[in-house]
file start-v4.cif (mmCIF, C-alpha atoms)
data_coords
loop_
_atom_site.label_atom_id
_atom_site.label_comp_id
_atom_site.auth_asym_id
_atom_site.auth_seq_id
_atom_site.Cartn_x
_atom_site.Cartn_y
_atom_site.Cartn_z
CA MET A 88 4.44 22.00 -6.08
CA ILE A 89 6.78 19.62 -7.86
CA PHE A 90 5.35 17.49 -10.69
CA PRO A 91 1.66 18.34 -10.23
CA ASP A 92 -0.68 15.42 -10.98
CA MET A 93 2.26 13.04 -11.41
CA ALA A 94 2.53 11.41 -7.97
CA GLY A 95 0.37 8.49 -9.09
CA VAL A 96 2.49 7.85 -12.18
CA ILE A 97 5.70 8.02 -10.13
CA LEU A 98 4.36 5.71 -7.41
CA VAL A 99 3.08 3.12 -9.91
CA ALA A 100 6.44 3.17 -11.72
CA MET A 101 8.44 2.79 -8.50
CA ALA A 102 6.20 0.02 -7.11
CA THR A 103 6.22 -1.85 -10.43
CA PHE A 104 10.01 -1.61 -10.63
CA ALA A 105 10.31 -2.97 -7.08
CA MET A 106 7.94 -5.82 -7.93
CA ILE A 107 9.86 -6.77 -11.09
CA TYR A 108 13.17 -6.56 -9.21
CA PHE A 109 12.17 -8.57 -6.12
CA VAL A 110 9.49 -11.01 -7.30
CA PRO A 111 10.08 -13.78 -9.87
CA LYS A 112 7.83 -13.51 -12.93
CA GLU A 113 5.83 -16.69 -12.21
CA LYS A 114 5.05 -15.49 -8.68
CA ILE A 115 3.88 -12.13 -10.03
CA TYR A 116 1.26 -13.93 -12.14
CA ARG A 117 0.28 -16.16 -9.22
CA HIS A 118 -0.13 -13.20 -6.82
CA LEU A 119 -1.83 -10.86 -9.31
CA PRO A 120 -5.43 -11.65 -8.24
CA PHE A 121 -4.36 -11.16 -4.62
CA GLY A 122 -2.69 -7.86 -5.53
CA LEU A 123 -5.79 -6.66 -7.34
CA SER A 124 -8.16 -7.48 -4.49
CA PHE A 125 -5.99 -6.57 -1.50
CA GLY A 126 -3.89 -3.89 -3.17
CA LEU A 127 -6.29 -1.96 -5.35
CA GLY A 128 -9.42 -3.01 -3.46
CA ILE A 129 -8.23 -1.99 -0.01
CA ALA A 130 -6.63 1.20 -1.34
CA ILE A 131 -9.86 2.34 -2.97
CA ILE A 132 -11.95 1.43 0.08
CA LEU A 133 -9.46 3.25 2.33
CA VAL A 134 -9.53 6.42 0.20
CA ILE A 135 -13.33 6.35 0.00
CA LEU A 136 -13.62 6.07 3.77
CA MET A 137 -10.80 8.37 4.82
CA GLN A 138 -11.34 11.08 2.21
CA ASN A 139 -14.90 10.94 0.92
CA VAL A 140 -16.76 9.67 4.01
CA PHE A 141 -14.81 10.87 7.06
CA GLY A 142 -12.85 13.75 5.50
CA PHE A 143 -9.59 12.95 7.31
CA TRP A 144 -7.53 13.79 4.24
CA ARG A 145 -7.87 14.86 0.64
CA PHE A 146 -5.66 14.63 -2.39
CA ALA A 147 -4.97 17.79 -4.43
CA ASN A 148 -3.24 17.69 -7.82
CA ALA A 149 -1.69 14.31 -6.99
CA ASP A 150 -2.93 12.08 -9.80
CA ILE A 151 -3.94 12.37 -13.43
CA LEU A 152 -6.74 9.79 -13.13
CA HIS A 153 -9.66 10.31 -10.72
CA ILE A 154 -13.09 8.82 -10.17
CA TYR A 155 -15.18 10.42 -7.42
CA ASN A 156 -12.04 12.13 -6.05
CA ILE A 157 -10.27 8.76 -5.79
CA PRO A 158 -6.73 8.97 -7.22
CA LEU A 159 -6.67 5.80 -9.31
CA LEU A 160 -2.96 5.55 -10.05
CA ILE A 161 -2.00 6.16 -6.42
CA SER A 162 -4.46 3.40 -5.49
CA ALA A 163 -3.13 1.14 -8.27
CA ALA A 164 0.41 1.51 -6.90
CA TRP A 165 -0.69 -0.82 -4.09
CA ILE A 166 -1.14 -3.73 -6.54
CA PRO A 167 2.61 -4.35 -7.00
CA THR A 168 3.27 -3.30 -3.41
CA VAL A 169 1.00 -6.02 -2.01
CA ILE A 170 2.51 -8.56 -4.43
CA VAL A 171 5.99 -7.73 -3.08
CA TYR A 172 4.68 -7.95 0.49
CA ALA A 173 3.09 -11.37 -0.15
CA HIS A 174 6.30 -12.56 -1.78
CA PHE A 175 8.39 -11.56 1.25
CA LEU A 176 6.01 -13.48 3.51
CA ALA A 177 7.38 -16.86 2.46
CA LYS A 178 5.90 -20.27 3.30
CA ARG A 179 8.10 -20.56 6.39
CA VAL A 180 8.75 -17.26 8.04
CA SER A 181 9.74 -16.10 11.50
CA PHE A 182 7.45 -14.03 13.68
CA THR A 183 10.19 -11.39 13.81
CA ARG A 184 10.31 -11.18 10.01
CA ILE A 185 6.54 -10.68 9.90
CA LEU A 186 6.77 -7.82 12.41
CA ILE A 187 9.68 -6.22 10.53
CA LEU A 188 7.82 -6.43 7.21
CA ILE A 189 4.67 -4.94 8.72
CA GLY A 190 6.75 -2.12 10.19
CA LEU A 191 8.66 -1.48 6.95
CA PHE A 192 5.57 -1.40 4.75
CA ALA A 193 3.71 0.79 7.26
CA MET A 194 6.69 3.15 7.41
CA ALA A 195 6.77 3.26 3.60
CA SER A 196 3.16 4.51 3.74
CA VAL A 197 4.23 7.22 6.20
CA VAL A 198 7.11 8.30 3.96
CA ILE A 199 4.83 8.50 0.92
CA HIS A 200 2.26 10.49 2.89
CA TYR A 201 4.99 12.78 4.22
CA LEU A 202 6.28 13.48 0.71
CA LEU A 203 2.75 14.12 -0.56
CA LEU A 204 2.09 16.44 2.39
CA ALA A 205 5.36 18.31 1.85
CA ASN A 206 4.49 18.71 -1.83
CA GLN A 207 0.96 19.93 -0.96
CA MET A 208 -0.63 17.00 -2.81
CA LEU A 209 -2.20 15.62 0.36
CA ILE A 210 -3.96 17.67 3.01
CA TYR A 211 -4.70 16.25 6.46
CA GLU A 212 -7.79 17.26 8.45
CA ASN A 213 -7.80 15.80 12.00
CA TRP A 214 -5.24 13.21 10.92
CA ASN A 215 -1.48 12.74 11.38
CA LEU A 216 1.42 10.54 10.31
CA PHE A 217 1.20 8.37 13.44
CA LEU A 218 -2.38 7.48 12.51
CA THR A 219 -1.19 6.71 8.98
CA PHE A 220 1.42 4.33 10.43
CA SER A 221 -1.20 2.74 12.69
CA ILE A 222 -3.75 2.11 9.97
CA ALA A 223 -1.11 0.90 7.49
CA GLY A 224 0.32 -1.47 10.11
CA SER A 225 -3.16 -2.78 10.90
CA ILE A 226 -3.90 -3.39 7.22
CA HIS A 227 -0.60 -5.21 6.68
CA LEU A 228 -1.19 -7.29 9.81
CA ALA A 229 -4.64 -8.24 8.47
CA ILE A 230 -3.09 -9.19 5.12
CA ALA A 231 -0.49 -11.36 6.91
CA VAL A 232 -3.24 -13.08 8.91
CA TYR A 233 -5.21 -13.69 5.71
CA LEU A 234 -2.12 -15.14 4.00
CA TYR A 235 -1.68 -17.46 6.98
CA MET A 236 -5.34 -18.50 6.89
CA ILE A 237 -5.24 -19.41 3.18
CA GLY A 238 -2.00 -21.39 3.61
CA HIS A 239 0.40 -19.01 1.86
CA ILE A 240 2.32 -18.83 5.14
CA LYS A 241 2.59 -22.47 6.23
CA GLU A 242 4.79 -22.10 9.29
CA VAL A 243 5.60 -19.24 11.62
CA LYS A 244 8.81 -19.86 13.51
CA GLY A 245 9.45 -18.25 16.89
#
call {"tool": "encode", "arguments": {"input": "start-v4.cif", "output": "structure tokens"}}
result
Amino acid sequence: MIFPDMAGVILVAMATFAMIYFVPKEKIYRHLPFGLSFGLGIAIILVILMQNVFGFWRFANADILHIYNIPLLISAAWIPTVIVYAHFLAKRVSFTRILILIGLFAMASVVIHYLLLANQMLIYENWNLFLTFSIAGSIHLAIAVYLYMIGHIKEVKG
């Protein structure tokens, strides 16, 4: 195992760097409540359901901070990730761009899961990477729909 208990720290650092690089400072502050609710909130709910309720996966030596077997830093890494995602879904965006962003962010989830699996920090039970892609894509689609409903996305071009 490489860097035991440090996956959360590494993911938070990488996601925060990406957010600072791609998102202007004023937009970070504007999207922070959204990132907290949809990033951290959904991540914690997802881990509770998938790990603690259904037992589809479990984290092992992946994070230094835990509450009820929930890796807090890994969950917190979704705050800047969702802020970047919301930033890329501009006021006027094409349908193709939305689909590409959903696919890219879902694939990023698969890559992270794959690396955690390969490093024995994540163990799947009756789960696989395709299901990870599917659930991540569904979540990002739901976030895009919500952003459209609240007016963050004003126009979807064909």
call {"tool": "atom_distance", "arguments": {"input": "start-v4.cif", "atom1": "CA of Leu216 (chain A)", "atom2": "CA of His174 (chain A)"}}
result
26.5 Å
call {"tool": "resolve_selection", "arguments": {"input": "start-v4.cif", "expression": "the PyMOL selection byres ((chain A and resi 206) around 12)", "output": "PyMOL selection string"}}
result
chain A and resi 88-94+146-149+199-205+207-210
call {"tool": "residues_around", "arguments": {"input": "start-v4.cif", "residues": "region 229-232 of chain A", "least_positions_apart": "5", "cutoff": "8 Å", "atoms": "all atoms listed in the file", "output": "list in words"}}
result
Phe125, Ala173, Leu176 and Ile185 of chain A
call {"tool": "atom_distance", "arguments": {"input": "start-v4.cif", "atom1": "CA of Leu119 (chain A)", "atom2": "CA of Gly238 (chain A)"}}
result
16.7 Å
call {"tool": "closest_residue", "arguments": {"input": "start-v4.cif", "among": "A:Tyr211, A:Phe121, A:Phe192, A:Phe104", "to": "Met137 (chain A)", "atoms": "all atoms listed in the file"}}
result
A:Tyr211
call {"tool": "resolve_selection", "arguments": {"input": "start-v4.cif", "expression": "the PyMOL selection byres ((chain A and resi 218) around 12)", "output": "number ranges by chain"}}
result
A: 137, 143-144, 193-194, 196-197, 200, 211-217, 219-225
call {"tool": "write_last_selection", "arguments": {"input": "start-v4.cif", "atoms": "C-alpha atoms", "output": "PDB file, in the coordinates of the input"}}
result
ATOM      1  CA  MET A 137     -10.800   8.370   4.820  1.00  0.00           C
ATOM      2  CA  PHE A 143      -9.590  12.950   7.310  1.00  0.00           C
ATOM      3  CA  TRP A 144      -7.530  13.790   4.240  1.00  0.00           C
ATOM      4  CA  ALA A 193       3.710   0.790   7.260  1.00  0.00           C
ATOM      5  CA  MET A 194       6.690   3.150   7.410  1.00  0.00           C
ATOM      6  CA  SER A 196       3.160   4.510   3.740  1.00  0.00           C
ATOM      7  CA  VAL A 197       4.230   7.220   6.200  1.00  0.00           C
ATOM      8  CA  HIS A 200       2.260  10.490   2.890  1.00  0.00           C
ATOM      9  CA  TYR A 211      -4.700  16.250   6.460  1.00  0.00           C
ATOM     10  CA  GLU A 212      -7.790  17.260   8.450  1.00  0.00           C
ATOM     11  CA  ASN A 213      -7.800  15.800  12.000  1.00  0.00           C
ATOM     12  CA  TRP A 214      -5.240  13.210  10.920  1.00  0.00           C
ATOM     13  CA  ASN A 215      -1.480  12.740  11.380  1.00  0.00           C
ATOM     14  CA  LEU A 216       1.420  10.540  10.310  1.00  0.00           C
ATOM     15  CA  PHE A 217       1.200   8.370  13.440  1.00  0.00           C
ATOM     16  CA  THR A 219      -1.190   6.710   8.980  1.00  0.00           C
ATOM     17  CA  PHE A 220       1.420   4.330  10.430  1.00  0.00           C
ATOM     18  CA  SER A 221      -1.200   2.740  12.690  1.00  0.00           C
ATOM     19  CA  ILE A 222      -3.750   2.110   9.970  1.00  0.00           C
ATOM     20  CA  ALA A 223      -1.110   0.900   7.490  1.00  0.00           C
ATOM     21  CA  GLY A 224       0.320  -1.470  10.110  1.00  0.00           C
ATOM     22  CA  SER A 225      -3.160  -2.780  10.900  1.00  0.00           C
TER      23      SER A 225
END
call {"tool": "residues_around", "arguments": {"input": "start-v4.cif", "residues": "Lys178 (chain A)", "least_positions_apart": "6", "cutoff": "12 Å", "atoms": "all atoms listed in the file", "output": "number ranges by chain"}}
result
A: 185, 231, 234-244
call {"tool": "write_last_selection", "arguments": {"input": "start-v4.cif", "atoms": "C-alpha atoms", "output": "compact mmCIF listing (two decimals), in the coordinates of the input"}}
result
# COMPACT_ATOMS: atom_id res chain seq x y z
CA ILE A 185 6.54 -10.68 9.90
CA ALA A 231 -0.49 -11.36 6.91
CA LEU A 234 -2.12 -15.14 4.00
CA TYR A 235 -1.68 -17.46 6.98
CA MET A 236 -5.34 -18.50 6.89
CA ILE A 237 -5.24 -19.41 3.18
CA GLY A 238 -2.00 -21.39 3.61
CA HIS A 239 0.40 -19.01 1.86
CA ILE A 240 2.32 -18.83 5.14
CA LYS A 241 2.59 -22.47 6.23
CA GLU A 242 4.79 -22.10 9.29
CA VAL A 243 5.60 -19.24 11.62
CA LYS A 244 8.81 -19.86 13.51
call {"tool": "decode", "arguments": {"input": "start-v4.cif", "residues": "region 122-182 of chain A", "atoms": "C-alpha atoms", "output": "compact mmCIF listing (two decimals), in the first residue's frame"}}
result
# COMPACT_ATOMS: atom_id res chain seq x y z
CA GLY A 122 -20.08 23.00 -3.29
CA LEU A 123 -20.71 22.34 0.39
CA SER A 124 -24.24 21.05 -0.13
CA PHE A 125 -23.83 19.16 -3.40
CA GLY A 126 -20.17 18.24 -3.02
CA LEU A 127 -19.76 17.30 0.61
CA GLY A 128 -23.44 16.55 1.21
CA ILE A 129 -23.88 14.14 -1.68
CA ALA A 130 -20.49 12.51 -1.05
CA ILE A 131 -21.35 11.77 2.59
CA ILE A 132 -24.83 10.51 1.71
CA LEU A 133 -23.35 8.33 -1.04
CA VAL A 134 -20.73 6.81 1.27
CA ILE A 135 -23.30 6.20 4.01
CA LEU A 136 -25.60 4.40 1.58
CA MET A 137 -23.03 2.51 -0.47
CA GLN A 138 -20.72 1.53 2.38
CA ASN A 139 -22.60 1.61 5.67
CA VAL A 140 -26.12 0.66 4.52
CA PHE A 141 -25.75 -1.54 1.43
CA GLY A 142 -22.14 -2.70 1.89
CA PHE A 143 -21.20 -2.34 -1.79
CA TRP A 144 -17.76 -1.01 -0.91
CA ARG A 145 -15.61 -0.08 2.05
CA PHE A 146 -12.61 2.14 2.52
CA ALA A 147 -9.51 0.74 4.25
CA ASN A 148 -6.60 2.95 5.33
CA ALA A 149 -7.63 5.61 2.82
CA ASP A 150 -8.15 8.68 4.99
CA ILE A 151 -6.82 10.14 8.22
CA LEU A 152 -10.22 11.56 9.27
CA HIS A 153 -13.24 9.28 9.78
CA ILE A 154 -16.65 9.54 11.38
CA TYR A 155 -18.75 6.35 11.37
CA ASN A 156 -16.41 4.85 8.73
CA ILE A 157 -16.98 7.86 6.45
CA PRO A 158 -13.68 9.14 5.04
CA LEU A 159 -14.12 12.87 5.59
CA LEU A 160 -11.28 14.22 3.47
CA ILE A 161 -12.18 12.00 0.51
CA SER A 162 -15.74 13.30 0.85
CA ALA A 163 -14.50 16.90 1.23
CA ALA A 164 -12.56 16.58 -2.04
CA TRP A 165 -15.93 16.82 -3.79
CA ILE A 166 -16.43 20.42 -2.59
CA PRO A 167 -13.88 21.93 -5.01
CA THR A 168 -14.76 19.31 -7.63
CA VAL A 169 -18.41 20.37 -7.72
CA ILE A 170 -17.37 24.05 -7.79
CA VAL A 171 -15.22 23.35 -10.88
CA TYR A 172 -18.09 21.40 -12.45
CA ALA A 173 -20.57 24.25 -11.82
CA HIS A 174 -18.08 26.74 -13.24
CA PHE A 175 -17.70 24.74 -16.46
CA LEU A 176 -21.47 24.66 -16.86
CA ALA A 177 -21.65 28.29 -17.97
CA LYS A 178 -24.81 30.37 -18.42
CA ARG A 179 -25.01 29.44 -22.10
CA VAL A 180 -23.78 25.96 -22.80
CA SER A 181 -24.30 23.40 -25.52
CA PHE A 182 -26.00 20.08 -24.88
